[in-house]
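Structure, as structure tokens:
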Amino acid sequence: MAAQDTLSAPPRTAFYNDPVIRGIIYQVLVALAVILFFAWIILNTAQNLAAQNKSTGFDFLFQTSGFGISFTLIPFDRSSYYWQAFLVGLLNTLLVAVIGIFFATILGFVLGVARLSSNWLIARIATVYVEIIRNIPLLLQLFFWYFAVLKAMPAVRQSYELPFNTFINQRGIIVPKPLPDNEMNFVIVALVLSVVAAIAIVRWAMSVRTATGHYPQPVVWGSLFANLLITFGFGFLAGSLLLGTFPALSGIVGFPLIAGVVLAGVSLTPFTRFGRAFIGFVVTWAIMAFLLEGMFAFVPPVVIALAAVLTAAAVAWIMIRGDGRPATEGKFPLALAVLIVVGVPGLVYWITGATLNFEVPLLERFNFSGGVQLVPELVALVFGLTIYTAAFIAENVRSGIQAVSKGQTEAASSLGLREGDRLRLVVIPQAMRVIIPPLTSQYLNLTKNSSLGAAIGYPELVNVFMGTTLNQTGKAIEVIAITMAVYLTLSLTTSAFMNWYNARVALVER
């Protein structure tokens with residue numbers, strides 16, 4: 001019996017044949033190999049630097065740089081330190097990245113939706129844009145905007161004068177410089193608090209409507225009052241513009257006031273869309289005429305007037321064809337939020353007596369004095385990154401929308417939702433879970449592609465720190481390590497934020 005038990009017992013195996021133990025051994029060996037490899041690199045580098053009498057360390061950051069930078073957001077001159085040069089390059093990189101991400105997102109979403117438009121012309125224009133822009137190298141596009149467009153502008157004394165005392169020439173774009181007083185700080189605080197309050201009211205009203213099917217009564221009445229006040233204000237503005245264009249209307253006493261009251265009353269009737277279309281026509285006509293006269297002074301006035309009228313007519317037609325239902329029937333009444341965001345800071349501005357003046361650029365003998373100069377390198381880099389990245393974002397948006405089941409659109413149509421409401425309430429919320437992951441990659445690409453600004457002389461991080469600073473100090477390892485750490489930090493921060501946002505907008509399955 002004992003012999004049978006001995007024969008039936010499983011044979012003993014070596015411990016290293018256990019899959020778990022073997023896996024641990026392999027991981028330890030690989031980790032040791034990696035550690036030894038990096039130790040060998042560090043020791044070899046230290047020996048080579050010692051043989052060349054080169055020291056290591058980051059003490060060079062506190063040495064005087066001895067060079068200037070053409071565009072800075074903080075004070076910097078030749079007596080500044082290298083760490084200040086690093087900060088200037090970092091801020092310039094962040095400036096381009098933030099501006100580029102903002103405008104590329106807006107343009108990309110518009111183009112992505114336009115590619116799926118039922119309008120044949122709009123869809124083809126968006127398709128041509130995407131297919132051309134994304135197949136041309138970004139560096140070539142930057143050269144185009146910098147050398148073929150901005151550097152081809154006239155000299156300083158022949159600058160193009162744009163509206164609002166803005167000038168453009170070979171040296172960039174010169175715009176008025178805002179000069180706020182100390183009381184403007186209260187206005188800024190009021191603006192921030194107003195935005196927070198408006199967002200809180202919107203979220204509360206939406207949650208109540210989700211639970212009960214109706215917006216809270218205070219929000220409904222507040223929105224009605226805000227709509228009347230805003231419509232009256234725009235109606236008064238439209239009346240004033242008409243009065244300035246047609247002096248014969250001055251015979252009507254209080255014409256702007258009458259126009260505001262009439263249009264505010266129309267907003268309470270089923271013909272509200274026609275009142276808004278009238279305001280949109282007048283305001284668009286005045287703005288377009290002002291802009292075109294400033295930008296194309298050499299064009300005959302008849303052509304400018306015709307272009308302004310056609311543009312205003314197109315805007316009015318779009319507004320007439322829009323959804324004319326009261327906001328409480330399906331869309332959140334945004335008039336209340338707009339009134340809070342605009343009205344509260346305006347009231348604080350009036351009570352505190354704050355002033356916001358502007359330093360207007362003045363042409364002198366060889367250059368402009370005053371104002372803020374946007375160097376052509378900055379403008380070209382922002383234009384290039386925005387236009388290039390928007391083409392890829394448009395494809396992400398298009399694919400995300402097409403990933404939503406067609407049955408969702410058909411179900412929304414069966415509920416009587418219009419095309420805009422179907423897109424805003426049904427399609428886009430479901431498409432965001434598909435759009436956000438590749439959108440994150442495009443944000444990272446834009447941030448890292450900002451380093452191409454060195455090719456056109458924009459003083460971003462690679463140009464200032466890895467270029468000039470590295471050449472002058474010879475601290476290649478330290479400079480490259482810092483630069484790599486910066487881009488790694490920016491990428492991880494952007495990814496973390498987008499992952500958080502993706503989790504916020506993700507659909508919760510039941």
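Chain labels A, B, ... are given in the sequence in which chains occur in the structure tokens; within each chain residues are numbered consecutively from 1, and ligands are likewise numbered from 1 in the order shown.
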
Hey, which bits of range 441-478 of chain A sit within 8 Å of range 53-74 of chain A, and for each residue what's the closest pair of atoms and how far apart in Å (one decimal), counting only C-alpha atoms, rows by chain and increasing number, as a tab-separated table?
```
residue	atom	partner	partner_atom	distance
A:Tyr458	CA	A:Phe71	CA	8.0
A:Pro459	CA	A:Phe71	CA	6.8
A:Val464	CA	A:Ile69	CA	7.9
A:Thr469	CA	A:Ser65	CA	7.6
A:Thr473	CA	A:Phe60	CA	7.3
A:Lys475	CA	A:Thr56	CA	7.4
A:Glu478	CA	A:Phe58	CA	6.8
```

Restrict the selected residues to N, CA, C and O atoms and save them as a CSV table (one decimal), in the first residue's frame.
```csv
chain,number,residue,atom,x,y,z
A,458,TYR,N,10.7,82.2,-33.9
A,458,TYR,CA,9.9,82.6,-32.8
A,458,TYR,C,10.6,82.1,-31.5
A,458,TYR,O,11.0,80.9,-31.4
A,459,PRO,N,10.7,82.9,-30.5
A,459,PRO,CA,11.5,82.6,-29.3
A,459,PRO,C,10.8,81.7,-28.3
A,459,PRO,O,10.4,82.1,-27.2
A,464,VAL,N,15.0,79.3,-27.6
A,464,VAL,CA,15.7,80.1,-26.5
A,464,VAL,C,16.6,79.3,-25.7
A,464,VAL,O,17.7,79.6,-25.4
A,469,THR,N,20.8,79.2,-25.3
A,469,THR,CA,21.4,78.9,-24.0
A,469,THR,C,22.3,77.7,-24.0
A,469,THR,O,23.4,77.7,-23.5
A,473,THR,N,26.4,78.0,-23.0
A,473,THR,CA,26.8,77.4,-21.8
A,473,THR,C,27.5,76.0,-22.1
A,473,THR,O,28.3,75.6,-21.3
A,475,LYS,N,26.1,73.2,-21.7
A,475,LYS,CA,25.5,72.3,-20.8
A,475,LYS,C,24.4,71.5,-21.5
A,475,LYS,O,23.2,71.6,-21.3
A,478,GLU,N,22.2,68.9,-19.3
A,478,GLU,CA,21.2,69.6,-18.4
A,478,GLU,C,20.1,70.3,-19.1
A,478,GLU,O,18.9,70.2,-18.8
```

**Request:** Please identify all polymer residues within 8 Å of range 483-498 of chain A, counting only C-alpha atoms, omitting same-chain residues fewer than 3 positions from it, and present them as a list in words.
**Result:** Ile436, Pro437, Thr440, Tyr443, Leu444, Lys448, Leu461, Val462, Phe465, Met466, Val479, Ile480, Tyr501 and Asn502 of chain A

**Message:** Which of range 85-176 of chain A end up as alpha helix (DSSP H) when DSSP is run on this backbone - answer as number ranges by chain?
**Reply:** A: 85-115, 120-133, 138-143

For the selection just defined, write its residues with N, CA and C atoms to a file, as a compact mmCIF listing (two decimals), in the first residue's frame.
```
# COMPACT_ATOMS: atom_id res chain seq x y z
N ALA A 85 15.62 83.25 -18.96
CA ALA A 85 15.49 82.90 -20.37
C ALA A 85 14.65 81.64 -20.55
N PHE A 86 14.89 80.67 -19.67
CA PHE A 86 14.07 79.45 -19.70
C PHE A 86 12.60 79.77 -19.45
N LEU A 87 12.33 80.65 -18.50
CA LEU A 87 10.95 81.03 -18.19
C LEU A 87 10.30 81.75 -19.36
N VAL A 88 11.06 82.63 -20.03
CA VAL A 88 10.52 83.33 -21.20
C VAL A 88 10.15 82.34 -22.29
N GLY A 89 11.04 81.39 -22.58
CA GLY A 89 10.74 80.39 -23.60
C GLY A 89 9.55 79.53 -23.24
N LEU A 90 9.44 79.16 -21.95
CA LEU A 90 8.31 78.35 -21.50
C LEU A 90 7.00 79.12 -21.64
N LEU A 91 6.98 80.38 -21.23
CA LEU A 91 5.76 81.18 -21.34
C LEU A 91 5.37 81.39 -22.80
N ASN A 92 6.34 81.63 -23.67
CA ASN A 92 6.03 81.79 -25.09
C ASN A 92 5.47 80.51 -25.68
N THR A 93 6.00 79.36 -25.25
CA THR A 93 5.46 78.08 -25.72
C THR A 93 4.03 77.88 -25.24
N LEU A 94 3.78 78.17 -23.96
CA LEU A 94 2.43 78.03 -23.42
C LEU A 94 1.46 78.98 -24.09
N LEU A 95 1.92 80.19 -24.41
CA LEU A 95 1.05 81.17 -25.08
C LEU A 95 0.58 80.63 -26.42
N VAL A 96 1.50 80.13 -27.22
CA VAL A 96 1.13 79.59 -28.53
C VAL A 96 0.24 78.36 -28.38
N ALA A 97 0.57 77.49 -27.42
CA ALA A 97 -0.20 76.26 -27.24
C ALA A 97 -1.64 76.56 -26.83
N VAL A 98 -1.82 77.46 -25.88
CA VAL A 98 -3.18 77.77 -25.40
C VAL A 98 -4.00 78.44 -26.49
N ILE A 99 -3.43 79.44 -27.15
CA ILE A 99 -4.17 80.12 -28.22
C ILE A 99 -4.47 79.15 -29.36
N GLY A 100 -3.48 78.35 -29.75
CA GLY A 100 -3.68 77.40 -30.84
C GLY A 100 -4.73 76.36 -30.51
N ILE A 101 -4.72 75.81 -29.30
CA ILE A 101 -5.71 74.81 -28.91
C ILE A 101 -7.11 75.41 -28.91
N PHE A 102 -7.24 76.63 -28.43
CA PHE A 102 -8.56 77.27 -28.37
C PHE A 102 -9.15 77.44 -29.77
N PHE A 103 -8.41 78.07 -30.67
CA PHE A 103 -8.94 78.34 -32.00
C PHE A 103 -9.01 77.08 -32.86
N ALA A 104 -8.06 76.16 -32.70
CA ALA A 104 -8.11 74.92 -33.47
C ALA A 104 -9.31 74.08 -33.08
N THR A 105 -9.68 74.09 -31.81
CA THR A 105 -10.86 73.34 -31.37
C THR A 105 -12.12 73.91 -32.00
N ILE A 106 -12.28 75.23 -31.96
CA ILE A 106 -13.47 75.85 -32.54
C ILE A 106 -13.54 75.59 -34.04
N LEU A 107 -12.44 75.88 -34.74
CA LEU A 107 -12.42 75.69 -36.19
C LEU A 107 -12.59 74.22 -36.55
N GLY A 108 -11.96 73.31 -35.81
CA GLY A 108 -12.07 71.90 -36.11
C GLY A 108 -13.49 71.38 -35.94
N PHE A 109 -14.17 71.80 -34.87
CA PHE A 109 -15.55 71.35 -34.66
C PHE A 109 -16.47 71.89 -35.76
N VAL A 110 -16.28 73.14 -36.14
CA VAL A 110 -17.11 73.71 -37.21
C VAL A 110 -16.89 72.95 -38.52
N LEU A 111 -15.64 72.68 -38.84
CA LEU A 111 -15.35 71.96 -40.09
C LEU A 111 -15.84 70.52 -40.03
N GLY A 112 -15.71 69.87 -38.86
CA GLY A 112 -16.18 68.50 -38.74
C GLY A 112 -17.67 68.38 -38.94
N VAL A 113 -18.43 69.30 -38.38
CA VAL A 113 -19.88 69.30 -38.58
C VAL A 113 -20.21 69.69 -40.02
N ALA A 114 -19.44 70.65 -40.56
CA ALA A 114 -19.71 71.09 -41.94
C ALA A 114 -19.48 69.98 -42.95
N ARG A 115 -18.55 69.09 -42.69
CA ARG A 115 -18.30 67.97 -43.62
C ARG A 115 -19.51 67.06 -43.76
N TRP A 120 -24.61 70.87 -50.04
CA TRP A 120 -23.54 70.30 -50.86
C TRP A 120 -22.32 71.22 -50.89
N LEU A 121 -22.52 72.52 -51.04
CA LEU A 121 -21.40 73.45 -51.16
C LEU A 121 -20.60 73.52 -49.87
N ILE A 122 -21.28 73.62 -48.73
CA ILE A 122 -20.57 73.70 -47.44
C ILE A 122 -19.78 72.42 -47.19
N ALA A 123 -20.40 71.27 -47.46
CA ALA A 123 -19.71 70.00 -47.24
C ALA A 123 -18.48 69.87 -48.12
N ARG A 124 -18.56 70.31 -49.39
CA ARG A 124 -17.41 70.19 -50.29
C ARG A 124 -16.30 71.15 -49.91
N ILE A 125 -16.66 72.36 -49.49
CA ILE A 125 -15.63 73.32 -49.06
C ILE A 125 -14.88 72.78 -47.85
N ALA A 126 -15.59 72.22 -46.88
CA ALA A 126 -14.93 71.65 -45.70
C ALA A 126 -14.05 70.46 -46.09
N THR A 127 -14.52 69.64 -47.02
CA THR A 127 -13.73 68.49 -47.45
C THR A 127 -12.44 68.92 -48.14
N VAL A 128 -12.54 69.90 -49.01
CA VAL A 128 -11.35 70.41 -49.71
C VAL A 128 -10.35 70.98 -48.71
N TYR A 129 -10.85 71.73 -47.75
CA TYR A 129 -9.96 72.30 -46.72
C TYR A 129 -9.20 71.20 -46.00
N VAL A 130 -9.93 70.20 -45.51
CA VAL A 130 -9.30 69.14 -44.73
C VAL A 130 -8.29 68.36 -45.56
N GLU A 131 -8.67 67.98 -46.77
CA GLU A 131 -7.79 67.14 -47.59
C GLU A 131 -6.53 67.89 -48.03
N ILE A 132 -6.63 69.18 -48.23
CA ILE A 132 -5.45 69.95 -48.66
C ILE A 132 -4.54 70.25 -47.47
N ILE A 133 -5.11 70.78 -46.40
CA ILE A 133 -4.30 71.25 -45.28
C ILE A 133 -3.57 70.11 -44.59
N LEU A 138 3.51 70.68 -42.03
CA LEU A 138 3.31 71.85 -41.18
C LEU A 138 4.43 72.86 -41.35
N LEU A 139 5.66 72.41 -41.45
CA LEU A 139 6.78 73.34 -41.59
C LEU A 139 6.63 74.17 -42.86
N LEU A 140 6.19 73.55 -43.93
CA LEU A 140 5.97 74.30 -45.18
C LEU A 140 4.87 75.32 -45.01
N GLN A 141 3.83 74.99 -44.27
CA GLN A 141 2.76 75.96 -44.03
C GLN A 141 3.26 77.13 -43.18
N LEU A 142 4.10 76.84 -42.21
CA LEU A 142 4.67 77.93 -41.41
C LEU A 142 5.51 78.85 -42.27
N PHE A 143 6.30 78.29 -43.17
CA PHE A 143 7.08 79.12 -44.10
C PHE A 143 6.17 79.97 -44.97
```

**Asked** Of the candidates A:Ile435, A:Ala337, A:Gln442, A:Gly275, which one gets nearest to Gly222 in chain A if we count only C-alpha atoms?
**Response**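 Using only C-alpha atoms, Gly222 in chain A sits closest to A:Ala337.
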
**Request:** Find the residues near range 420-422 of chain A: any atom within 7 Å, counting only C-alpha atoms, skip ones fewer than 5 places away on the same chain, and give them as an NGL selection string.
**Result:** :A and (409 or 412 or 427)

**Request:** Rank nothing, just name the residue among A:Pro429, A:Tyr81, A:Leu229, A:Phe366 nearest to Ile401 in chain A, using only C-alpha atoms.
**Result:**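 Result for the nearest residue to Ile401 in chain A: A:Pro429.
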
**Request:** Would you list the contacts of Ser240 in chain A as a list in words, taking every protein, DNA or RNA residue within 10 Å and counting only C-alpha atoms, but skipping same-chain residues closer than 6 positions in sequence?
**Result:**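 In the requested form, the answer reads Phe234, Phe246, Leu249, Ser250, Gly254, Phe255, Pro256, Leu257, Ala259 and Gly260 of chain A.
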
**Prompt:** Do you know which residues are at most 12 Å from Arg203 in chain A counting only C-alpha atoms, after dropping those on the same chain fewer than 2 positions away, and could you put them as an MDAnalysis selection string?
**Reply:** chainID A and resid 196:201 205:210 215:216 219 332 334 337

**Message:** I'd like to know which of A:Asn227, A:Leu241, A:Gly384, A:Gly371 is closest to Asn357 in chain A, using only C-alpha atoms.
**Reply:**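 Ranked by minimum distance to Asn357 in chain A, first place goes to A:Gly371.
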
**Residue list (strand (DSSP E or B), DSSP) for range 54-267 of chain A, as a ChimeraX atom specification** = /A:64,81,160-162,166-169,172-175,177-180

Prev. selection, C-alpha atoms, output as a PDB file, in the first residue's frame:
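File produced: out21.pdb:
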```
ATOM      1  CA  THR A  64      23.969  86.182 -16.674  1.00  0.00           C
ATOM      2  CA  TYR A  81      19.785  85.067 -15.874  1.00  0.00           C
ATOM      3  CA  TYR A 160      -2.307  98.725 -43.764  1.00  0.00           C
ATOM      4  CA  GLU A 161      -4.689 100.444 -41.370  1.00  0.00           C
ATOM      5  CA  LEU A 162      -7.427  98.187 -40.040  1.00  0.00           C
ATOM      6  CA  THR A 166      -4.948  98.400 -35.775  1.00  0.00           C
ATOM      7  CA  PHE A 167      -2.022  98.339 -38.201  1.00  0.00           C
ATOM      8  CA  ILE A 168      -0.273  95.522 -40.042  1.00  0.00           C
ATOM      9  CA  ASN A 169       3.115  95.640 -41.751  1.00  0.00           C
ATOM     10  CA  GLY A 172       3.760  92.340 -37.374  1.00  0.00           C
ATOM     11  CA  ILE A 173       0.402  93.524 -36.133  1.00  0.00           C
ATOM     12  CA  ILE A 174       0.167  96.577 -33.866  1.00  0.00           C
ATOM     13  CA  VAL A 175      -2.977  96.845 -31.737  1.00  0.00           C
ATOM     14  CA  LYS A 177      -2.809  98.579 -25.557  1.00  0.00           C
ATOM     15  CA  PRO A 178      -5.415  98.446 -22.755  1.00  0.00           C
ATOM     16  CA  LEU A 179      -4.642 100.657 -19.757  1.00  0.00           C
ATOM     17  CA  PRO A 180      -6.990  99.655 -16.922  1.00  0.00           C
TER      18      PRO A 180
END
```

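Minimum distance to Thr355 in chain A across A:Trp500, A:Phe298, A:Phe232, A:Phe186 (counting only C-alpha atoms) occurs at A:Phe186.
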